[in-house]
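J.: Please read through the structure below; I'll follow up with questions.
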Amino acid sequence: MYEDDEDRIDAAEQLAEDHPDAAAEACSAIACDQAVGDEVRLSAAELLAGVNPRALAPACLAIACDEAVGDEVRLSAAELLADVDPGAAGQACLAVARDATVGDEVRRSAAEQLASLDPSG
């Protein structure tokens with residue numbers, strides 16, 4: 001049905017205006033699909049934030065916890081959650097900060113983000 005990942009996100013964007021529930025479902029499916037490219041998954045999560053922020057946590061956690069996803073994209077997914085769901089953002093940041101395969105700068109940024117979510121932690 002779709003030629004590539006970009007076609008899927010384009011279809012979700014077209015749905016967003018008139019059919020936000022369908023767009024949210026499509027965005028969630030794209031963001032959670034490990035076969036989709038990292039940047040497209042993040043774009044789907046960003047679109048989901050605008051369409052249905054309550055559905056954002058599972059999508060962003062799927063990205064942030066996926067060790068096959070690039071470090072910066074994982075961190076961006078965790079950061080996207082900060083205002084919407086601080087608890088889920090903490091889980092996402094922790095997943096990035098604890099992953100020894102992630103670069104030091106990104107791990108440090110994830111730890112700083114985690115501290116800003118829970119200053120007592």
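In the structure tokens, the first chain shown is A, the next is B, and so on; residue numbers restart at 1 for each chain, and ligands run from 1 in the order shown.
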Could you pull the residues within 6 Å of segment 93-103 of chain A, counting only C-alpha atoms, minus those fewer than 4 positions along the same chain, as a ChimeraX atom specification?

T.: /A:65,71,78,107,110-111,114

J.: Go ahead and save the picked residues with C-alpha atoms, as a PDB file, in the first residue's frame.

T.:
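Output (out_35.pdb):
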ATOM      1  CA  CYS A  65      14.138   1.996  24.722  1.00  0.00           C
ATOM      2  CA  ASP A  71      21.385   7.872  20.262  1.00  0.00           C
ATOM      3  CA  ALA A  78      12.601  11.040  25.807  1.00  0.00           C
ATOM      4  CA  ARG A 107      23.967   9.669  28.209  1.00  0.00           C
ATOM      5  CA  ALA A 110      19.644  11.993  29.399  1.00  0.00           C
ATOM      6  CA  ALA A 111      20.857  12.025  33.007  1.00  0.00           C
ATOM      7  CA  LEU A 114      16.134  12.922  34.273  1.00  0.00           C
TER       8      LEU A 114
END

J.: Might you pull out every residue within 12 Å of segment 87-90 of chain A, with only C-alpha atoms counted and same-chain residues fewer than 4 positions away left off, and present them as a ChimeraX atom specification?

T.: /A:54-65,74-83,94-98,110-119,121

J.: Considering only C-alpha atoms, can you say which of A:Asp85, A:Asp18, A:Asp7, A:Glu67 comes closest to Ala49 of chain A?

T.: A:Asp85

J.: With distances taken over only C-alpha atoms, which of A:Val84, A:Ala16, A:Val51, A:Ile9 is nearest to Ala31 of chain A?

T.: A:Ile9

J.: Between atom CA of Ala92 of chain A and atom CA of Ala23 of chain A, measure the distance and give it in Å to one decimal.

T.: 23.5 Å

J.: Quick one: residues within 12 Å of Ala12 of chain A, only C-alpha atoms counted, chain neighbours fewer than 4 positions away excluded, as JSON, numbers by chain?

T.: {"A": [2, 5, 6, 7, 8, 16, 17, 18, 19, 20, 21, 22, 23, 24, 25, 26, 27, 28, 29, 30, 31, 40, 41, 43, 44, 45, 46, 47, 48, 50, 51]}

J.: Rounded to one decimal in Å, what is the spacing between atom CA of Val69 of chain A and atom CA of Asp38 of chain A?

T.: 5.9 Å
